[in-house]
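Asks: Just one file: my_file_30.cif, with mmCIF, C-alpha atoms.
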```cif
data_protein
loop_
_atom_site.label_atom_id
_atom_site.label_comp_id
_atom_site.auth_asym_id
_atom_site.auth_seq_id
_atom_site.Cartn_x
_atom_site.Cartn_y
_atom_site.Cartn_z
CA MET G 898 0.00 0.00 0.00
CA ARG G 899 1.24 3.49 -0.81
CA ILE G 900 2.49 5.48 2.16
CA GLU G 901 0.10 8.35 1.46
CA GLU G 902 -2.89 6.01 1.82
CA TYR G 903 -2.35 5.87 5.58
CA SER G 904 -2.44 9.66 5.83
CA ALA G 905 -5.63 9.77 3.74
CA MET G 906 -7.29 7.15 5.92
CA PHE G 907 -6.28 8.95 9.10
CA GLU G 908 -7.84 12.17 7.83
CA LEU G 909 -11.08 10.64 6.54
CA GLU G 910 -11.94 7.53 8.57
CA ASP G 911 -14.20 9.39 10.97
CA ARG G 912 -16.38 11.02 8.32
CA LEU G 913 -16.07 9.59 4.80
CA TRP G 914 -19.24 7.75 3.74
CA TRP G 915 -17.50 4.45 3.00
CA PHE G 916 -15.90 4.17 6.42
CA GLN G 917 -19.04 5.34 8.24
CA GLY G 918 -21.29 3.04 6.25
CA MET G 919 -19.08 -0.02 6.61
CA ARG G 920 -18.87 0.50 10.38
CA GLY G 921 -22.67 0.42 10.46
CA ILE G 922 -22.68 -2.78 8.41
CA THR G 923 -20.06 -4.33 10.69
CA ALA G 924 -22.14 -3.45 13.75
CA SER G 925 -25.29 -4.93 12.21
CA ILE G 926 -23.53 -8.30 11.99
CA LEU G 927 -21.41 -8.20 15.16
CA ASP G 928 -23.89 -6.74 17.67
CA ALA G 929 -25.67 -10.07 18.14
CA GLU G 930 -22.32 -11.76 18.80
CA LEU G 931 -20.54 -9.24 21.01
CA MET G 932 -22.92 -6.66 22.47
CA GLY G 933 -23.19 -7.21 26.19
CA ARG G 934 -20.48 -9.88 26.27
CA SER G 935 -18.12 -9.54 29.21
CA ASN G 936 -14.57 -10.64 29.90
CA PHE G 937 -13.27 -11.22 26.37
CA ARG G 938 -10.00 -10.50 24.57
CA PHE G 939 -9.97 -9.02 21.10
CA LEU G 940 -7.40 -8.72 18.28
CA ASP G 941 -7.63 -6.56 15.14
CA VAL G 942 -5.35 -8.01 12.44
CA GLY G 943 -4.10 -5.36 10.01
CA CYS G 944 -5.33 -2.51 12.19
CA GLY G 945 -4.02 0.27 9.92
CA THR G 946 -4.10 3.65 11.64
CA GLY G 947 -5.95 2.13 14.62
CA TYR G 948 -9.40 3.61 13.97
CA SER G 949 -11.25 0.29 13.72
CA LEU G 950 -9.48 -1.01 16.81
CA ALA G 951 -10.50 2.07 18.79
CA TRP G 952 -14.07 1.92 17.44
CA LEU G 953 -14.56 -1.77 18.23
CA ARG G 954 -13.02 -1.30 21.67
CA GLY G 955 -15.40 1.56 22.42
CA ARG G 956 -18.49 -0.22 21.10
CA TYR G 957 -18.04 -3.69 22.61
CA ARG G 958 -15.91 -3.00 25.70
CA PRO G 959 -13.56 -5.99 25.62
CA THR G 960 -11.42 -6.69 28.64
CA GLN G 961 -8.33 -6.29 26.46
CA ALA G 962 -7.95 -5.09 22.87
CA TYR G 963 -4.85 -5.57 20.71
CA GLY G 964 -3.87 -4.75 17.15
CA VAL G 965 -1.13 -5.57 14.66
CA ASP G 966 -0.17 -4.08 11.33
CA VAL G 967 2.79 -4.80 9.10
CA SER G 968 3.39 -1.14 8.25
CA ALA G 969 5.63 1.18 10.27
CA HIS G 970 3.83 4.04 8.46
CA ALA G 971 0.56 2.91 10.06
CA ALA G 972 2.27 2.74 13.44
CA ALA G 973 3.03 6.46 13.25
CA PHE G 974 -0.69 7.16 13.76
CA TRP G 975 -1.40 4.81 16.67
CA LYS G 976 -0.52 7.25 19.45
CA MET G 977 -2.75 9.89 17.87
CA ARG G 978 -5.59 7.35 17.84
CA GLY G 979 -5.07 6.62 21.53
CA VAL G 980 -4.19 2.97 21.01
CA ASP G 981 -1.09 1.56 22.68
CA THR G 982 -1.64 -2.22 22.77
CA VAL G 983 -0.45 -2.55 19.18
CA ALA G 984 2.59 -3.99 17.42
CA VAL G 985 4.23 -3.98 14.01
CA ALA G 986 3.74 -7.56 12.82
CA SER G 987 2.51 -9.49 9.80
CA ALA G 988 -0.86 -11.22 9.59
CA ASP G 989 0.87 -14.47 8.66
CA ALA G 990 3.21 -14.40 11.67
CA LEU G 991 1.18 -13.19 14.65
CA PRO G 992 3.21 -12.52 17.83
CA PHE G 993 0.76 -14.28 20.15
CA GLY G 994 0.37 -17.71 21.67
CA ARG G 995 -2.25 -20.33 20.90
CA SER G 996 -5.88 -19.69 21.94
CA GLU G 997 -5.34 -16.21 23.38
CA PHE G 998 -8.36 -14.38 21.92
CA ASP G 999 -12.14 -14.67 21.98
CA PHE G 1000 -12.67 -12.44 18.94
CA VAL G 1001 -10.51 -11.49 15.94
CA SER G 1002 -11.35 -8.96 13.23
CA CYS G 1003 -9.64 -8.51 9.87
CA PHE G 1004 -10.73 -5.62 7.65
CA ASP G 1005 -9.42 -5.59 4.07
CA VAL G 1006 -6.06 -7.22 4.70
CA ILE G 1007 -5.92 -10.70 3.15
CA TYR G 1008 -6.51 -9.32 -0.35
CA GLN G 1009 -2.99 -7.85 -0.30
CA LEU G 1010 -1.39 -11.29 0.18
CA ASP G 1011 -0.64 -14.06 -2.32
CA ASP G 1012 -2.45 -17.37 -1.95
CA ASP G 1013 0.12 -19.04 0.30
CA ARG G 1014 0.42 -16.08 2.66
CA ALA G 1015 -3.35 -15.60 2.74
CA ALA G 1016 -3.81 -19.23 3.83
CA LYS G 1017 -1.04 -18.82 6.42
CA ALA G 1018 -2.66 -15.66 7.79
CA VAL G 1019 -6.04 -17.36 8.22
CA SER G 1020 -4.28 -20.33 9.83
CA GLU G 1021 -2.52 -17.96 12.23
CA ILE G 1022 -5.83 -16.32 13.16
CA HIS G 1023 -7.28 -19.78 13.80
CA ARG G 1024 -4.27 -20.57 16.01
CA VAL G 1025 -4.61 -17.51 18.25
CA LEU G 1026 -8.39 -17.86 18.65
CA LYS G 1027 -9.85 -19.86 21.50
CA PRO G 1028 -12.09 -22.83 20.56
CA GLY G 1029 -15.48 -21.37 19.70
CA GLY G 1030 -13.93 -17.93 19.23
CA VAL G 1031 -15.46 -15.52 16.70
CA PHE G 1032 -13.73 -14.34 13.52
CA PHE G 1033 -15.05 -11.44 11.38
CA ILE G 1034 -13.38 -10.86 8.01
CA ARG G 1035 -14.17 -8.39 5.23
CA GLU G 1036 -12.38 -8.31 1.87
CA PRO G 1037 -12.91 -6.60 -1.52
CA ALA G 1038 -15.13 -8.60 -3.89
CA TYR G 1039 -14.75 -9.77 -7.50
CA GLU G 1040 -11.57 -9.74 -9.55
CA TRP G 1041 -13.41 -8.04 -12.41
CA MET G 1042 -14.06 -5.06 -10.11
CA ARG G 1043 -10.40 -4.07 -10.15
CA GLY G 1044 -9.80 -0.36 -10.70
CA SER G 1045 -7.44 2.47 -9.88
CA HIS G 1046 -7.92 2.00 -6.15
CA ASP G 1047 -6.52 -1.53 -6.38
CA ILE G 1048 -3.30 -0.12 -7.82
CA ALA G 1049 -3.06 2.39 -4.97
CA VAL G 1050 -3.52 -0.25 -2.25
CA ALA G 1051 -1.57 -3.10 -3.94
CA THR G 1052 -4.44 -5.57 -4.35
CA ARG G 1053 -3.35 -9.16 -5.01
CA HIS G 1054 -6.77 -10.81 -5.16
CA ARG G 1055 -10.42 -9.77 -4.77
CA TYR G 1056 -12.60 -12.52 -3.29
CA THR G 1057 -15.98 -13.95 -4.15
CA ARG G 1058 -18.08 -15.04 -1.19
CA GLN G 1059 -17.49 -18.68 -2.05
CA GLU G 1060 -13.71 -18.18 -2.24
CA LEU G 1061 -13.56 -16.49 1.14
CA LYS G 1062 -15.76 -19.14 2.75
CA GLY G 1063 -13.55 -21.85 1.27
CA LEU G 1064 -10.37 -20.19 2.54
CA LEU G 1065 -11.74 -20.12 6.08
CA SER G 1066 -13.22 -23.62 5.96
CA ARG G 1067 -9.96 -25.14 4.75
CA ASN G 1068 -8.23 -23.60 7.75
CA GLY G 1069 -10.49 -24.92 10.46
CA PHE G 1070 -13.35 -22.41 10.67
CA ASP G 1071 -17.07 -23.10 10.84
CA ILE G 1072 -19.02 -20.55 8.78
CA LYS G 1073 -21.86 -18.78 10.59
CA ARG G 1074 -22.75 -16.03 8.10
CA ALA G 1075 -21.51 -15.00 4.68
CA THR G 1076 -22.74 -12.04 2.68
CA TYR G 1077 -21.78 -9.34 0.25
CA ALA G 1078 -21.97 -5.70 1.30
CA ASN G 1079 -22.02 -2.26 -0.33
CA THR G 1080 -24.72 -3.65 -2.57
CA PHE G 1081 -27.13 -0.74 -2.94
CA LEU G 1082 -24.38 1.42 -4.50
CA PHE G 1083 -22.88 -1.43 -6.50
CA GLY G 1084 -23.90 -0.10 -9.93
CA LEU G 1085 -22.23 3.26 -9.32
CA ALA G 1086 -19.14 1.55 -7.93
CA ALA G 1087 -18.86 -0.77 -10.94
CA LEU G 1088 -19.17 2.15 -13.35
CA HIS G 1089 -16.52 4.08 -11.44
CA ARG G 1090 -14.11 1.12 -11.54
CA ILE G 1091 -14.64 0.52 -15.26
CA LEU G 1092 -14.07 4.19 -16.08
CA SER G 1093 -10.92 4.27 -13.95
CA ARG G 1094 -9.53 1.34 -15.94
CA LEU G 1095 -10.34 3.03 -19.24
CA LYS G 1096 -8.58 6.20 -18.09
CA ARG G 1097 -5.67 4.11 -16.74
CA SER G 1098 -5.96 6.01 -13.49
CA GLU G 1099 -3.98 5.02 -10.40
CA GLU G 1100 -5.95 7.26 -8.02
CA SER G 1101 -7.21 6.00 -4.67
CA ASP G 1102 -10.89 6.01 -3.74
CA VAL G 1103 -9.99 7.32 -0.26
CA ARG G 1104 -10.63 11.00 -0.93
CA PRO G 1105 -13.23 13.58 0.10
CA VAL G 1106 -16.51 13.93 -1.78
CA ALA G 1107 -19.11 16.70 -1.79
CA GLY G 1108 -20.98 17.01 1.49
CA TRP G 1109 -24.41 16.18 0.03
CA MET G 1110 -23.00 13.10 -1.70
CA ASN G 1111 -21.29 11.96 1.48
CA ASN G 1112 -24.60 12.25 3.37
CA VAL G 1113 -26.60 10.40 0.71
CA PHE G 1114 -24.12 7.54 0.41
CA THR G 1115 -23.89 7.22 4.20
CA ARG G 1116 -27.67 6.94 4.47
CA VAL G 1117 -27.84 4.37 1.70
CA LEU G 1118 -25.31 2.17 3.51
CA GLY G 1119 -27.28 2.75 6.72
CA MET G 1120 -30.32 1.18 5.05
CA GLU G 1121 -28.13 -1.68 3.90
CA ALA G 1122 -26.94 -2.24 7.46
CA LEU G 1123 -30.56 -2.61 8.57
CA ALA G 1124 -31.20 -5.15 5.82
CA LEU G 1125 -28.15 -7.17 6.82
CA ARG G 1126 -29.56 -7.73 10.28
CA TRP G 1127 -32.10 -10.04 8.66
CA PHE G 1128 -30.66 -11.53 5.48
CA ALA G 1129 -27.56 -11.86 3.30
CA LEU G 1130 -27.09 -9.80 0.17
CA PRO G 1131 -26.38 -11.57 -3.16
CA PHE G 1132 -23.63 -9.29 -4.53
CA GLY G 1133 -21.64 -6.22 -3.53
CA LEU G 1134 -18.33 -4.39 -3.48
CA SER G 1135 -17.17 -6.28 -0.36
CA THR G 1136 -17.57 -9.82 0.89
CA ILE G 1137 -17.96 -10.58 4.60
CA VAL G 1138 -17.74 -13.84 6.51
CA LEU G 1139 -18.49 -14.42 10.19
CA ALA G 1140 -17.03 -17.68 11.45
CA THR G 1141 -16.09 -19.55 14.60
CA LYS G 1142 -13.08 -21.68 15.44
CA GLY G 1143 -14.34 -25.23 15.08
CA THR G 1144 -13.35 -28.30 17.03
CA ARG G 1145 -12.04 -30.14 13.96
CA GLY G 1146 -8.40 -29.90 13.02
CA ILE G 1147 -7.34 -27.99 9.91
CA ASP G 1148 -6.28 -31.20 8.15
CA ASP G 1149 -9.72 -32.74 8.83
CA CYS G 1150 -11.41 -29.68 7.33
CA LYS G 1151 -9.24 -29.81 4.20
CA LEU G 1152 -10.00 -33.53 3.79
CA MET G 1153 -13.77 -32.94 4.09
CA ILE G 1154 -13.62 -30.15 1.49
CA ASP G 1155 -11.51 -32.28 -0.89
CA GLU G 1156 -13.96 -35.19 -0.56
CA GLY G 1157 -16.88 -32.86 -1.19
CA GLU G 1158 -15.23 -31.50 -4.33
CA LEU G 1159 -14.62 -35.04 -5.59
CA MET G 1160 -18.27 -35.92 -5.02
CA ASN G 1161 -19.37 -32.81 -6.90
CA ASP G 1162 -17.09 -33.75 -9.79
CA ASP G 1163 -18.71 -37.20 -10.20
#
```
Spit out the file's structure as structure tokens when you get a sec.
Replies:
Amino acid sequence: MRIEEYSAMFELEDRLWWFQGMRGITASILDAELMGRSNFRFLDVGCGTGYSLAWLRGRYRPTQAYGVDVSAHAAAFWKMRGVDTVAVASADALPFGRSEFDFVSCFDVIYQLDDDRAAKAVSEIHRVLKPGGVFFIREPAYEWMRGSHDIAVATRHRYTRQELKGLLSRNGFDIKRATYANTFLFGLAALHRILSRLKRSEESDVRPVAGWMNNVFTRVLGMEALALRWFALPFGLSTIVLATKGTRGIDDCKLMIDEGELMNDD
């Protein structure tokens, strides 16, 4: 990711429609799992400037909240965010012991890794979660939706819902919910991405928009958050999976998936 992306996020995370709207969508899925829960430890993998870590800590009141990010440029903003239980570390080499956390979040991180490192990162998250622990992951959707923003943030792979579910299942997770998000604005987003490719732009999407547009887009995603309390959405700019650490071993999960694929091939 470009260095300037961290500065842009720091300036806009509290008010830009995408960040506001996606926090509402996250809350609509996580509230039932975490609201009112006591005595739990939480880790945000790829915490960036620390905004999501601080927001989740404030909303759900964990006993302890930790974050990691691979970028020293992100670390420069942590003190300004008021987060100090954070470390510079990679998602595929977490500096924690086995079964330390009750909840792990991962917002738009795995898409920057190649296949092997992505699998290792999910395996590492499985390792540090307690049995039955909750994992929330959100990643950009659809390879064909690549645009200028993907150049700015060094996208390696955009995930379909099925791909993300498979990645988690192969690494020991039981899937609870899987959905797309940023659906109601999907047509506008697709047009924007296509035009950015035609113009060969390398400009990031993390930039201010007109006030009225920011308000409209925020409200649209607010309606989407309400819908997601009740049902999954069939397509969108992001894909989200909520999962738990299962009791089966990772090798058992991979064997079950392989056998299922063989049966489907027959």
Asks: Go through G:Phe907, G:Phe1114, G:Phe939, G:Phe1004 and flag the residue nearest G:Thr1136, using all atoms listed in the file for the distances.
Replies: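 Of G:Phe907, G:Phe1114, G:Phe939, G:Phe1004, the one nearest G:Thr1136, counting all atoms listed in the file, is G:Phe1004.
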Asks: For the provided coordinates, the residues matched by the PyMOL selection byres ((chain G and resi 1043) around 9) should be stated as a list of chain:residue names.
Replies: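 When the PyMOL selection byres ((chain G and resi 1043) around 9) is applied, the selected residues are G:Tyr1039, G:Glu1040, G:Trp1041, G:Met1042, G:Gly1044, G:Ser1045, G:His1046, G:Asp1047, G:Ile1048, G:Thr1052, G:Arg1055, G:Arg1090, G:Ile1091, G:Arg1094.
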Asks: Determine the residue set returned by the PyMOL selection byres ((chain G and resi 1060) around 12) for the present structure, and present it as a tab-separated table (two decimals) with C-alpha atoms, in the coordinates of the input.
Replies:
```tsv
chain	number	residue	atom	x	y	z
G	1008	TYR	CA	-6.51	-9.32	-0.35
G	1012	ASP	CA	-2.45	-17.37	-1.95
G	1015	ALA	CA	-3.35	-15.60	2.74
G	1016	ALA	CA	-3.81	-19.23	3.83
G	1036	GLU	CA	-12.38	-8.31	1.87
G	1037	PRO	CA	-12.91	-6.60	-1.52
G	1038	ALA	CA	-15.13	-8.60	-3.89
G	1039	TYR	CA	-14.75	-9.77	-7.50
G	1040	GLU	CA	-11.57	-9.74	-9.55
G	1054	HIS	CA	-6.77	-10.81	-5.16
G	1055	ARG	CA	-10.42	-9.77	-4.77
G	1056	TYR	CA	-12.60	-12.52	-3.29
G	1057	THR	CA	-15.98	-13.95	-4.15
G	1058	ARG	CA	-18.08	-15.04	-1.19
G	1059	GLN	CA	-17.49	-18.68	-2.05
G	1061	LEU	CA	-13.56	-16.49	1.14
G	1062	LYS	CA	-15.76	-19.14	2.75
G	1063	GLY	CA	-13.55	-21.85	1.27
G	1064	LEU	CA	-10.37	-20.19	2.54
G	1065	LEU	CA	-11.74	-20.12	6.08
G	1066	SER	CA	-13.22	-23.62	5.96
G	1067	ARG	CA	-9.96	-25.14	4.75
G	1075	ALA	CA	-21.51	-15.00	4.68
G	1076	THR	CA	-22.74	-12.04	2.68
G	1136	THR	CA	-17.57	-9.82	0.89
G	1137	ILE	CA	-17.96	-10.58	4.60
G	1138	VAL	CA	-17.74	-13.84	6.51
```
Asks: Convert the output of the PyMOL selection byres ((chain G and resi 961-972) around 7) on the shown file into explicit residues, formatted as number ranges by chain.
Replies: G: 900, 903, 937-946, 950, 954, 959-960, 973-975, 982-987
Asks: So what do you get for atom CA of G:Asp1005 versus atom CA of G:Arg1035, distance-wise?
Replies: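 Separation between atom CA of G:Asp1005 and atom CA of G:Arg1035: 5.6 Å.
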Asks: My list of candidates is G:Gly1143, G:Gly1030, G:Gly979, G:Gly921. Which is closest to G:Arg1126 when distances are computed with only C-alpha atoms?
Replies: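 Comparing G:Gly1143, G:Gly1030, G:Gly979, G:Gly921 against G:Arg1126, the winner is G:Gly921.
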Asks: Skip G:Ala1129 itself and residues of its chain fewer than 3 positions away, then list as a PyMOL selection string all residues within 12 Å of it, counting all atoms listed in the file.
Replies: chain G and resi 922+925-926+1058+1073-1080+1121-1126+1132-1133+1136-1139
Asks: Choose the residue, out of G:Leu927, G:Ala905, G:Val1117, G:Val1103, that has the smallest atom-to-atom separation from G:Phe1083; count all atoms listed in the file.
Replies: G:Val1117
Asks: Will you model N, CA and C atoms for stretch 1002-1024 of chain G and pass it back as a compact mmCIF listing (two decimals), in the frame of the given file?
Replies:
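Everything below was put into part25.txt:
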```txt
# COMPACT_ATOMS: atom_id res chain seq x y z
N SER G 1002 -10.82 -9.64 14.41
CA SER G 1002 -11.35 -8.96 13.23
C SER G 1002 -10.23 -8.77 12.21
N CYS G 1003 -10.62 -8.69 10.95
CA CYS G 1003 -9.64 -8.51 9.87
C CYS G 1003 -10.35 -7.76 8.74
N PHE G 1004 -10.05 -6.46 8.62
CA PHE G 1004 -10.73 -5.62 7.65
C PHE G 1004 -9.81 -5.33 6.46
N ASP G 1005 -10.12 -5.91 5.32
CA ASP G 1005 -9.42 -5.59 4.07
C ASP G 1005 -7.91 -5.72 4.22
N VAL G 1006 -7.47 -6.92 4.50
CA VAL G 1006 -6.06 -7.22 4.70
C VAL G 1006 -5.59 -8.37 3.81
N ILE G 1007 -6.33 -9.48 3.83
CA ILE G 1007 -5.92 -10.70 3.15
C ILE G 1007 -5.78 -10.48 1.64
N TYR G 1008 -6.54 -9.57 1.09
CA TYR G 1008 -6.51 -9.32 -0.35
C TYR G 1008 -5.17 -8.81 -0.85
N GLN G 1009 -4.31 -8.34 0.07
CA GLN G 1009 -2.99 -7.85 -0.30
C GLN G 1009 -1.93 -8.95 -0.30
N LEU G 1010 -2.32 -10.18 0.05
CA LEU G 1010 -1.39 -11.29 0.18
C LEU G 1010 -1.58 -12.29 -0.96
N ASP G 1011 -0.49 -12.99 -1.34
CA ASP G 1011 -0.64 -14.06 -2.32
C ASP G 1011 -1.33 -15.25 -1.67
N ASP G 1012 -1.63 -16.27 -2.44
CA ASP G 1012 -2.45 -17.37 -1.95
C ASP G 1012 -1.84 -18.06 -0.74
N ASP G 1013 -0.54 -18.34 -0.81
CA ASP G 1013 0.12 -19.04 0.30
C ASP G 1013 0.11 -18.22 1.58
N ARG G 1014 0.41 -16.93 1.47
CA ARG G 1014 0.42 -16.08 2.66
C ARG G 1014 -0.99 -15.83 3.19
N ALA G 1015 -1.97 -15.76 2.30
CA ALA G 1015 -3.35 -15.60 2.74
C ALA G 1015 -3.78 -16.80 3.57
N ALA G 1016 -3.47 -18.01 3.09
CA ALA G 1016 -3.81 -19.23 3.83
C ALA G 1016 -3.08 -19.27 5.17
N LYS G 1017 -1.81 -18.85 5.18
CA LYS G 1017 -1.04 -18.82 6.42
C LYS G 1017 -1.63 -17.82 7.40
N ALA G 1018 -2.07 -16.66 6.91
CA ALA G 1018 -2.66 -15.66 7.79
C ALA G 1018 -3.94 -16.17 8.44
N VAL G 1019 -4.80 -16.81 7.66
CA VAL G 1019 -6.04 -17.36 8.22
C VAL G 1019 -5.72 -18.48 9.21
N SER G 1020 -4.72 -19.29 8.90
CA SER G 1020 -4.28 -20.33 9.83
C SER G 1020 -3.76 -19.73 11.14
N GLU G 1021 -3.02 -18.64 11.04
CA GLU G 1021 -2.52 -17.96 12.23
C GLU G 1021 -3.67 -17.40 13.08
N ILE G 1022 -4.67 -16.84 12.42
CA ILE G 1022 -5.83 -16.32 13.16
C ILE G 1022 -6.55 -17.46 13.87
N HIS G 1023 -6.69 -18.59 13.17
CA HIS G 1023 -7.28 -19.78 13.80
C HIS G 1023 -6.47 -20.21 15.02
N ARG G 1024 -5.15 -20.16 14.91
CA ARG G 1024 -4.27 -20.57 16.01
C ARG G 1024 -4.45 -19.71 17.25
```
